[in-house]
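**Q** Got a file for you: start-v5.tsv, TSV, C-alpha atoms.
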```
chain	number	residue	atom	x	y	z
A	1	GLN	CA	-9.32	13.36	-42.64
A	2	VAL	CA	-8.98	11.54	-39.36
A	3	HIS	CA	-10.63	12.85	-36.21
A	4	LEU	CA	-9.06	11.70	-32.95
A	5	VAL	CA	-10.58	11.91	-29.49
A	6	GLU	CA	-8.64	10.92	-26.38
A	7	SER	CA	-10.16	9.84	-23.09
A	8	GLY	CA	-9.15	8.14	-19.88
A	9	GLY	CA	-7.01	10.80	-18.29
A	10	GLY	CA	-7.39	11.80	-14.68
A	11	LEU	CA	-5.76	12.04	-11.30
A	12	VAL	CA	-3.78	9.09	-10.01
A	13	GLN	CA	-1.31	8.55	-7.20
A	14	ALA	CA	2.31	7.77	-7.93
A	15	GLY	CA	2.68	4.10	-8.70
A	16	GLY	CA	-0.86	3.87	-10.01
A	17	SER	CA	-2.18	3.05	-13.45
A	18	LEU	CA	-4.32	4.64	-16.12
A	19	ARG	CA	-5.50	3.49	-19.50
A	20	LEU	CA	-5.84	6.11	-22.19
A	21	SER	CA	-8.04	5.58	-25.21
A	22	CYS	CA	-7.96	7.24	-28.60
A	23	ALA	CA	-11.02	6.85	-30.77
A	24	ALA	CA	-10.56	7.56	-34.45
A	25	SER	CA	-13.22	8.45	-36.97
A	26	GLY	CA	-13.31	9.59	-40.55
A	27	ARG	CA	-10.85	7.27	-42.25
A	28	THR	CA	-9.43	3.88	-41.53
A	29	LEU	CA	-6.27	3.69	-39.48
A	30	SER	CA	-4.75	1.00	-41.69
A	31	SER	CA	-1.30	1.68	-43.11
A	32	ARG	CA	-0.73	4.42	-40.55
A	33	VAL	CA	1.33	4.82	-37.45
A	34	MET	CA	-0.50	5.89	-34.33
A	35	GLY	CA	1.43	7.65	-31.63
A	36	TRP	CA	1.09	9.00	-28.13
A	37	PHE	CA	2.90	12.14	-27.09
A	38	ARG	CA	2.81	14.19	-23.92
A	39	GLN	CA	3.45	17.78	-23.02
A	40	ALA	CA	4.01	19.11	-19.53
A	41	PRO	CA	3.53	22.81	-18.74
A	42	GLY	CA	6.39	24.88	-20.09
A	43	LYS	CA	7.99	21.92	-21.82
A	44	LYS	CA	8.11	20.64	-25.35
A	45	ARG	CA	5.95	17.81	-26.59
A	46	ASP	CA	7.67	14.46	-26.09
A	47	PHE	CA	7.24	11.10	-27.77
A	48	VAL	CA	5.81	8.37	-25.56
A	49	ALA	CA	4.87	5.41	-27.75
A	50	ALA	CA	3.79	4.46	-31.25
A	51	ILE	CA	2.39	1.49	-33.10
A	52	SER	CA	2.31	0.53	-36.74
A	53	ILE	CA	-1.28	-0.41	-37.46
A	54	SER	CA	-0.49	-2.71	-40.36
A	55	GLY	CA	2.64	-4.40	-39.06
A	56	GLY	CA	2.01	-4.18	-35.35
A	57	SER	CA	5.49	-2.93	-34.53
A	58	THR	CA	5.65	-0.92	-31.34
A	59	TYR	CA	7.99	1.83	-30.27
A	60	TYR	CA	8.57	3.34	-26.84
A	61	SER	CA	10.59	6.09	-25.31
A	62	ASP	CA	13.26	4.80	-22.97
A	63	SER	CA	11.56	6.45	-20.02
A	64	VAL	CA	8.35	4.42	-20.37
A	65	LYS	CA	9.66	1.14	-21.74
A	66	GLY	CA	8.51	-1.73	-19.56
A	67	ARG	CA	5.77	0.32	-17.88
A	68	PHE	CA	3.58	1.53	-20.75
A	69	THR	CA	1.93	-0.58	-23.42
A	70	ILE	CA	0.42	0.66	-26.65
A	71	SER	CA	-2.21	-1.43	-28.40
A	72	THR	CA	-4.93	-1.22	-30.98
A	73	ASP	CA	-8.42	-2.51	-31.61
A	74	ASN	CA	-8.73	-2.27	-35.36
A	75	ALA	CA	-12.37	-3.29	-35.29
A	76	LYS	CA	-13.09	-0.28	-33.10
A	77	ASN	CA	-10.63	2.00	-34.87
A	78	ALA	CA	-9.05	2.72	-31.52
A	79	VAL	CA	-5.64	2.91	-29.92
A	80	TYR	CA	-4.88	2.51	-26.24
A	81	LEU	CA	-2.05	3.38	-23.90
A	82	GLN	CA	-1.85	1.36	-20.70
A	83	MET	CA	0.29	3.25	-18.21
A	84	ASN	CA	1.57	1.51	-15.10
A	85	SER	CA	3.82	2.63	-12.27
A	86	LEU	CA	3.15	6.26	-13.05
A	87	LYS	CA	5.48	8.93	-11.72
A	88	PRO	CA	4.72	12.53	-10.71
A	89	ASP	CA	6.96	13.91	-13.45
A	90	GLU	CA	4.73	12.19	-16.01
A	91	THR	CA	2.02	14.70	-15.28
A	92	ALA	CA	1.15	16.15	-18.69
A	93	VAL	CA	-1.43	16.46	-21.38
A	94	TYR	CA	-1.32	13.28	-23.43
A	95	TYR	CA	-2.04	13.50	-27.13
A	96	CYS	CA	-2.97	10.85	-29.66
A	97	ALA	CA	-1.69	11.32	-33.19
A	98	ALA	CA	-1.94	9.65	-36.58
A	99	THR	CA	0.23	9.73	-39.67
A	100	LEU	CA	-0.92	9.77	-43.25
A	101	PRO	CA	-1.11	6.29	-44.81
A	102	ALA	CA	1.96	6.98	-46.92
A	103	TYR	CA	4.25	8.23	-44.23
A	104	SER	CA	8.00	8.56	-44.34
A	105	GLY	CA	10.23	9.40	-41.44
A	106	SER	CA	10.86	8.57	-37.84
A	107	VAL	CA	7.92	7.67	-35.63
A	108	TYR	CA	9.69	9.39	-32.74
A	109	TYR	CA	9.20	12.90	-34.14
A	110	ASP	CA	5.91	14.75	-33.90
A	111	THR	CA	6.46	16.23	-37.36
A	112	LEU	CA	5.62	12.83	-38.86
A	113	TYR	CA	2.05	13.00	-37.61
A	114	SER	CA	-0.66	14.82	-39.53
A	115	TYR	CA	-3.63	14.43	-37.20
A	116	TRP	CA	-3.87	15.19	-33.50
A	117	GLY	CA	-6.46	14.84	-30.80
A	118	GLN	CA	-7.31	17.55	-28.31
A	119	GLY	CA	-5.41	15.84	-25.51
A	120	THR	CA	-6.32	14.38	-22.15
A	121	GLN	CA	-4.85	15.53	-18.85
A	122	VAL	CA	-2.96	13.04	-16.71
A	123	THR	CA	-2.00	14.18	-13.23
A	124	VAL	CA	0.17	12.00	-11.03
A	125	SER	CA	0.28	13.01	-7.39
A	126	SER	CA	3.18	12.22	-5.12
```
Step by step, read the file and then write its structure as structure tokens.
**A**
Amino acid sequence: QVHLVESGGGLVQAGGSLRLSCAASGRTLSSRVMGWFRQAPGKKRDFVAAISISGGSTYYSDSVKGRFTISTDNAKNAVYLQMNSLKPDETAVYYCAATLPAYSGSVYYDTLYSYWGQGTQVTVSS
């Protein structure tokens, strides 16, 4: 089992920045993919970014590429999402997720992920 806890959300003005953190406990994150997703009210959960813990490959949705950066601190068993130039329509609950070590499938789909945090609210004011 992997327990994930997100933090770092809050209220920010459009154009501002936030850094989300995801602290993992229970099992090592090695050989997994860690992802960030977001869900706005009344909308489906969307992929934001992911990182392969072992290989370091990163993946981003087109809408955040160039503005968001996903990173890890393996010593701390943590994953981060640096979000710059935030837009009002990016207001959502942001979730951290982890796959099983032996995962198979696309990192862009939430069905790949077996463990989820409780989410952290990000509100971007105009």
**Q** Using only C-alpha atoms, determine which residues lie at most 9 Å from Val48 in chain A, disregarding the query and same-chain residues fewer than 6 positions distant; provide the list as a list in words.
**A**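 Near Val48 in chain A, the qualifying residues are Gly35, Trp36, Phe37, Arg38, Tyr59, Tyr60, Ser61, Asp62, Ser63, Val64, Phe68, Tyr94 and Tyr108 of chain A.
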**Q** Of the candidates A:Ala97, A:Trp116, A:Ala92, A:Ser71, which one gets nearest to Lys43 in chain A if we count only C-alpha atoms?
**A** A:Ala92
**Q** Please identify all polymer residues lying at most 10 Å from the point (-2.6, 5.7, -13.2) (file coordinates), using only C-alpha atoms, and present the result as a list of chain:residue names.
**A**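 Those residues, ordered by chain and then number, are A:Gly8, A:Gly9, A:Gly10, A:Leu11, A:Val12, A:Gln13, A:Ala14, A:Gly15, A:Gly16, A:Ser17, A:Leu18, A:Arg19, A:Leu20, A:Gln82, A:Met83, A:Asn84, A:Ser85, A:Leu86, A:Lys87, A:Val122, A:Thr123, A:Val124, A:Ser125.
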**Q** Just checking: using all atoms listed in the file, which residue out of A:Val2, A:Ile51, A:Ala40, A:Leu112 ends up closest to Thr99 in chain A?
**A**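 Among the listed residues, A:Leu112 lies closest to Thr99 in chain A.
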**Q** For a test of reading the model, state the distance in Å between CA of Thr72 in chain A and CA of Val5 in chain A, rounded to one decimal.
**A**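 Separation between CA of Thr72 in chain A and CA of Val5 in chain A: 14.4 Å.
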**Q** Find, counting all atoms listed in the file, the residue in A:Leu29, A:Val107, A:Ile53, A:Met34 that gets nearest to Leu81 in chain A.
**A** A:Met34
**Q** Residues within 8 Å of Gln118 in chain A, please, as a ChimeraX atom specification. Count all atoms listed in the file; anything in the same chain fewer than 4 positions from it doesn't count.
**A** /A:4-6,95
**Q** Could you work out how far CA of Gly55 in chain A lies from CA of Ser7 in chain A, giving the answer in Å with one decimal?
**A** 24.9 Å
**Q** Check the smallest atom-to-atom distance from each of A:Gly56, A:Gly66, A:Pro101, A:Pro88 to Arg32 in chain A using all atoms listed in the file, then report the winner.
**A**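 Closest to Arg32 in chain A, using all atoms listed in the file: A:Pro101.
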**Q** Of the candidates A:Lys65, A:Lys44, A:Tyr80, A:His3, which one gets nearest to Val93 in chain A if we count all atoms listed in the file?
**A**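 Looking at the shortest contact to Val93 in chain A, the residue is A:Lys44.
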**Q** Which residue out of A:Gln1, A:Tyr113, A:Phe47, A:Val33 has the minimum interatomic distance to Val79 in chain A when all atoms listed in the file are used?
**A**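 Closest residue, counting all atoms listed in the file: A:Val33.
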**Q** Which value, in Å to one decimal, gives the distance between CA of Ile70 in chain A and CA of Ser25 in chain A?
**A**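 Computing it gives 18.8 Å between the two atoms.
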